[in-house]
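> Just passing along the structure, written as structure tokens.
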Amino acid sequence: MIVSKLALVASALSTATLARSILQDGTQDVLEEATSTSFNCDIPAALDPSKDGLPAARDIFSGDEALKLQVERHSTIVKIPSISYDDNGEPGEDPRWNIFYDLHKAFAALYPNLHLRMARDTVNTFGLIYTIKGTEPALKPLMLAAHQDVVPVAEDSTWKYPPFSAHFDGQWLWGRGASDDKNSLTGLMSALETLLSNPLWVPRRTIILALGFDEECSGRRGAGYIGRYLENLYGPNSMALVLDEGGMGLQLLGDDTLYALPAVMEKGHVDIWLELYVNGGHSSTPFPHTGIGIMAEFVNQLESNPWKPKLIEGSPIYNHFVCQARYSPDAAPNITKLIHKGDLEALTEELATVDRATQYRIQTSQAVDYFLGGVKINAMPEYIKIGVNHRIAPQDSISAVKTNILKQIKPIVKKFGLTVSAFKGEDHNPDFELEENLKDGTMNPMYEVDYNATLVLTSSQATLVAPISPTSGDVWDTFSGTIQHSFAFDGGKVVPVGELMTGNTDTRHYLNLTPHVYRWTPIRQGHNRNAHTVDERADMYTHLELVSFYYDLIRNFDASPVAAFEEQSDMGEL
């Protein structure tokens with residue numbers, strides 16, 4: 001008889017170790033049905049900023065000279081290897097951060113008017129906050145965000161051009177970070193530089209540019225500090241709008257409808273770590289299963305039991321396809337038919353088979369991304385560790401992920417008689433405790449096998465599903481109207497509609513600053529390529545469109561009376 005104990009102990013975890021959330025009590029309301037199920041995708045009017053008398057974006061950000069200038073700016077920034085590593089120490093302690101000093105010097109050289117007219121505050125050494133005060137303090141600030149860091153390069157020789165050469169081939173600028181996220185960073189700073197080079201232009205609304213430096217490692221040191229700094233300075237719900245990277249860009253269907261797809265929410269996130277401590281020994285007399293073999297069974301069990309997709313009526317992805325059914329009904333006739341029929345089950349099945357990007361906008365993902373084990377070929381490993389990344393769909397939760405992991409490992413725990421310690425001292429734990437007397441009915445060698453194994457489960461990067469940002473009202477109308485104006489084309493229609501983002505951005509640290517949080521890099525689909533992998537690059541012609549949009553957005557929000565501080569009492573409690 002083998003005794004196995006699977007025990008989950010729930011206790012409070014300091015909120016400082018968790019991602020910030022607008023949900024002050026640290027809980028998440030699982031999304032079962034969105035508030036509005038009568039969405040029919042009416043589009044507000046386009047918003048032309050020309051009444052301010054400034055030069056039109058098309059006159060500034062087009063032509064050979066404009067392209068040459070942006071290539072020079074972007075290549076200078078991309079050439080600086082501002083890498084953030086998962087094992088970075090703190091700024092001031094880990095010298096690998098020091099390359100960011102070079103990046104900051106480049107900013108000052110490339111954007112002199114921005115540095116002359118905007119105050120620059122540093123937060124936690126390398127976080128940057130640029131601010132120009134508006135003449136009307138009653139207007140809530142416009143907050144624009146990007147991140148300075150890039151992911152590491154695995155092997156330089158696999159790239160067509162060296163990853164930090166910033167090679168420009170006449171259309172594409174190649175390099176790590178050319179797309180994610182130095183494209184946005186260069187564009188935002190360039191738009192502000194253009195406006196601030198005009199000494200007569202003084203904004204009515206305060207403008208804030210926030211640049212984190214470790215977004216690729218969850219943003220704790222960068223945006224985490226910036227978010228708290230700005231909340232302490234301005235208060236909660238103090239920004240008119242926060243715009244950061246992300247979303248699904250611009251998608252042209254047919255030749256007459258361009259969909260702008262900013263993310264109005266993000267999936268949640270939690271990483272689950274399984275660590276096995278097990279008896280070792282000489283490989284010439286092995287156990288029936290080594291520790292790696294046991295852990296491989298966990299991996300197989302998880303990958304054989306993926307999460308189920310679910311489409312929620314009124315959710316951002318549902319509303320996206322409502323718009324598509326209205327304005328591009330022939331682009332996906334079956335989806336259009338199912339939208340009109342209201343058959344959510346069949347529509348869920350249809351969307352889950354379109355492609356991975358669509359599937360995982362309606363389904364929690366799990367990916368075994370980390371596997372460590374073994375120190376020598378003739379020694380059975382005594383310590384093995386695996387990591388499972390989860391991006392949590394709105395209908396699920398961190399607690400549900402932990403419950404699922406425990407249920408999936410149960411038969412393997414029984415099989416090997418493992419002692420399990422699960423999620424001790426953590427938040428977001430399910431009410432799950434199991435203690436059983438278990439018989440090993442699977443392996444029956446002629447001799448006794450004692451693995452003497454303990455499995456320890458922990459979690460990290462716990463981030464709640466983000467709340468849905470509004471897709472109606474004055475702030476959204478200004479945002480949507482600017483998109484329509486900036487990307488207008490003859491004979492076509494621009495349709496902005498909110499979507500869901502499968503990954504996470506620095507906005508996880510800005511949720512207390514405003515309910516109007518939008519994640520959108522205004523780039524046409526297919527014109528930013530290979531983020532986080534070999535041969536990352538950005539189309540510099542569409543980069544000019546990106547700069548034009550930022551230029552128009554700043555102007556439209558500056559001219560608009562929306563989001564004034566006196567309206568704060570009407571915004572509701574965050």
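To be explicit about the labels: the chains of the structure tokens are called A, B, and onward in the order shown, and within each one the residues are counted from 1, while ligands get numbers from 1 in the order they are shown.
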Skipping near chain neighbours, those fewer than 6 positions away, what residues fall within 10 Å of A:Asp539 using only C-alpha atoms, listed as a list of chain:residue names?
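Near A:Asp539, the qualifying residues are A:Phe168, A:Asp169, A:Gly170, A:Gln171, A:Trp172, A:Leu173, A:Trp174, A:Ala178, A:Ser179, A:Asn183, A:Ile523, A:Arg524, A:Gly526, A:His527, A:Asn528, A:Arg529.
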> Only N, CA, C and O atoms, please: the residues just picked out, written as a tab-separated table (two decimals), in the first residue's frame.

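This went into result-v1.tsv:
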chain	number	residue	atom	x	y	z
A	168	PHE	N	18.60	48.34	-43.53
A	168	PHE	CA	17.42	48.83	-44.26
A	168	PHE	C	17.58	48.44	-45.72
A	168	PHE	O	18.57	48.81	-46.37
A	169	ASP	N	16.62	47.68	-46.26
A	169	ASP	CA	16.73	47.17	-47.63
A	169	ASP	C	15.93	47.98	-48.65
A	169	ASP	O	15.75	47.56	-49.79
A	170	GLY	N	15.45	49.14	-48.22
A	170	GLY	CA	14.62	49.97	-49.09
A	170	GLY	C	13.16	49.94	-48.71
A	170	GLY	O	12.40	50.85	-49.04
A	171	GLN	N	12.74	48.91	-48.00
A	171	GLN	CA	11.38	48.81	-47.47
A	171	GLN	C	11.39	48.38	-46.01
A	171	GLN	O	10.74	48.99	-45.18
A	172	TRP	N	12.14	47.33	-45.71
A	172	TRP	CA	12.13	46.73	-44.38
A	172	TRP	C	13.37	47.14	-43.60
A	172	TRP	O	14.48	47.14	-44.15
A	173	LEU	N	13.17	47.46	-42.32
A	173	LEU	CA	14.28	47.66	-41.41
A	173	LEU	C	14.35	46.43	-40.51
A	173	LEU	O	13.40	46.11	-39.81
A	174	TRP	N	15.51	45.74	-40.58
A	174	TRP	CA	15.69	44.46	-39.92
A	174	TRP	C	16.41	44.64	-38.58
A	174	TRP	O	17.37	45.40	-38.49
A	178	ALA	N	12.92	45.87	-33.95
A	178	ALA	CA	12.42	46.72	-35.03
A	178	ALA	C	10.91	46.75	-35.05
A	178	ALA	O	10.29	47.76	-35.39
A	179	SER	N	10.30	45.63	-34.66
A	179	SER	CA	8.86	45.54	-34.56
A	179	SER	C	8.39	45.72	-33.12
A	179	SER	O	7.57	46.59	-32.83
A	183	ASN	N	9.30	50.01	-32.74
A	183	ASN	CA	8.49	50.62	-33.78
A	183	ASN	C	7.55	51.67	-33.19
A	183	ASN	O	7.50	52.82	-33.64
A	523	ILE	N	-0.40	49.25	-37.23
A	523	ILE	CA	0.35	48.72	-38.37
A	523	ILE	C	-0.54	47.73	-39.13
A	523	ILE	O	-1.23	46.90	-38.52
A	524	ARG	N	-0.49	47.79	-40.45
A	524	ARG	CA	-1.25	46.86	-41.27
A	524	ARG	C	-0.71	45.44	-41.07
A	524	ARG	O	0.50	45.23	-40.98
A	526	GLY	N	0.80	41.99	-41.55
A	526	GLY	CA	1.79	41.55	-42.51
A	526	GLY	C	2.94	42.51	-42.72
A	526	GLY	O	3.90	42.19	-43.43
A	527	HIS	N	2.89	43.67	-42.09
A	527	HIS	CA	3.92	44.68	-42.28
A	527	HIS	C	4.81	44.87	-41.05
A	527	HIS	O	5.65	45.76	-41.02
A	528	ASN	N	4.60	44.06	-40.05
A	528	ASN	CA	5.51	43.85	-38.92
A	528	ASN	C	5.74	42.36	-38.85
A	528	ASN	O	4.77	41.60	-38.74
A	529	ARG	N	6.96	41.91	-38.91
A	529	ARG	CA	7.17	40.46	-38.99
A	529	ARG	C	8.18	39.96	-37.96
A	529	ARG	O	9.14	40.64	-37.63
> Determine, counting only C-alpha atoms, which protein, DNA and RNA residues have an atom within 6 Å of an atom of stretch 489-498 of chain A; residues of the same chain fewer than 6 positions away are not included. Present the result as a count of residues only.
12
> For a quick check of understanding, using only C-alpha atoms, which of A:Tyr318, A:Phe557, A:Tyr541, A:Phe298 has the smallest distance to A:Leu406?
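Among the listed residues, the smallest separation from A:Leu406 belongs to A:Phe298.
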> Smallest atom-to-atom distance to A:Phe321: which of A:Ala46, A:Ala422, A:Val151, A:Cys41, using only C-alpha atoms?
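Among A:Ala46, A:Ala422, A:Val151, A:Cys41, it is A:Cys41 that comes nearest to A:Phe321.
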> Nearest to A:Leu192 among A:Arg356, A:Lys79, A:His516, A:Arg117, with distances taken over only C-alpha atoms: which residue is it?
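Counting only C-alpha atoms, the residue closest to A:Leu192 is A:Arg117.
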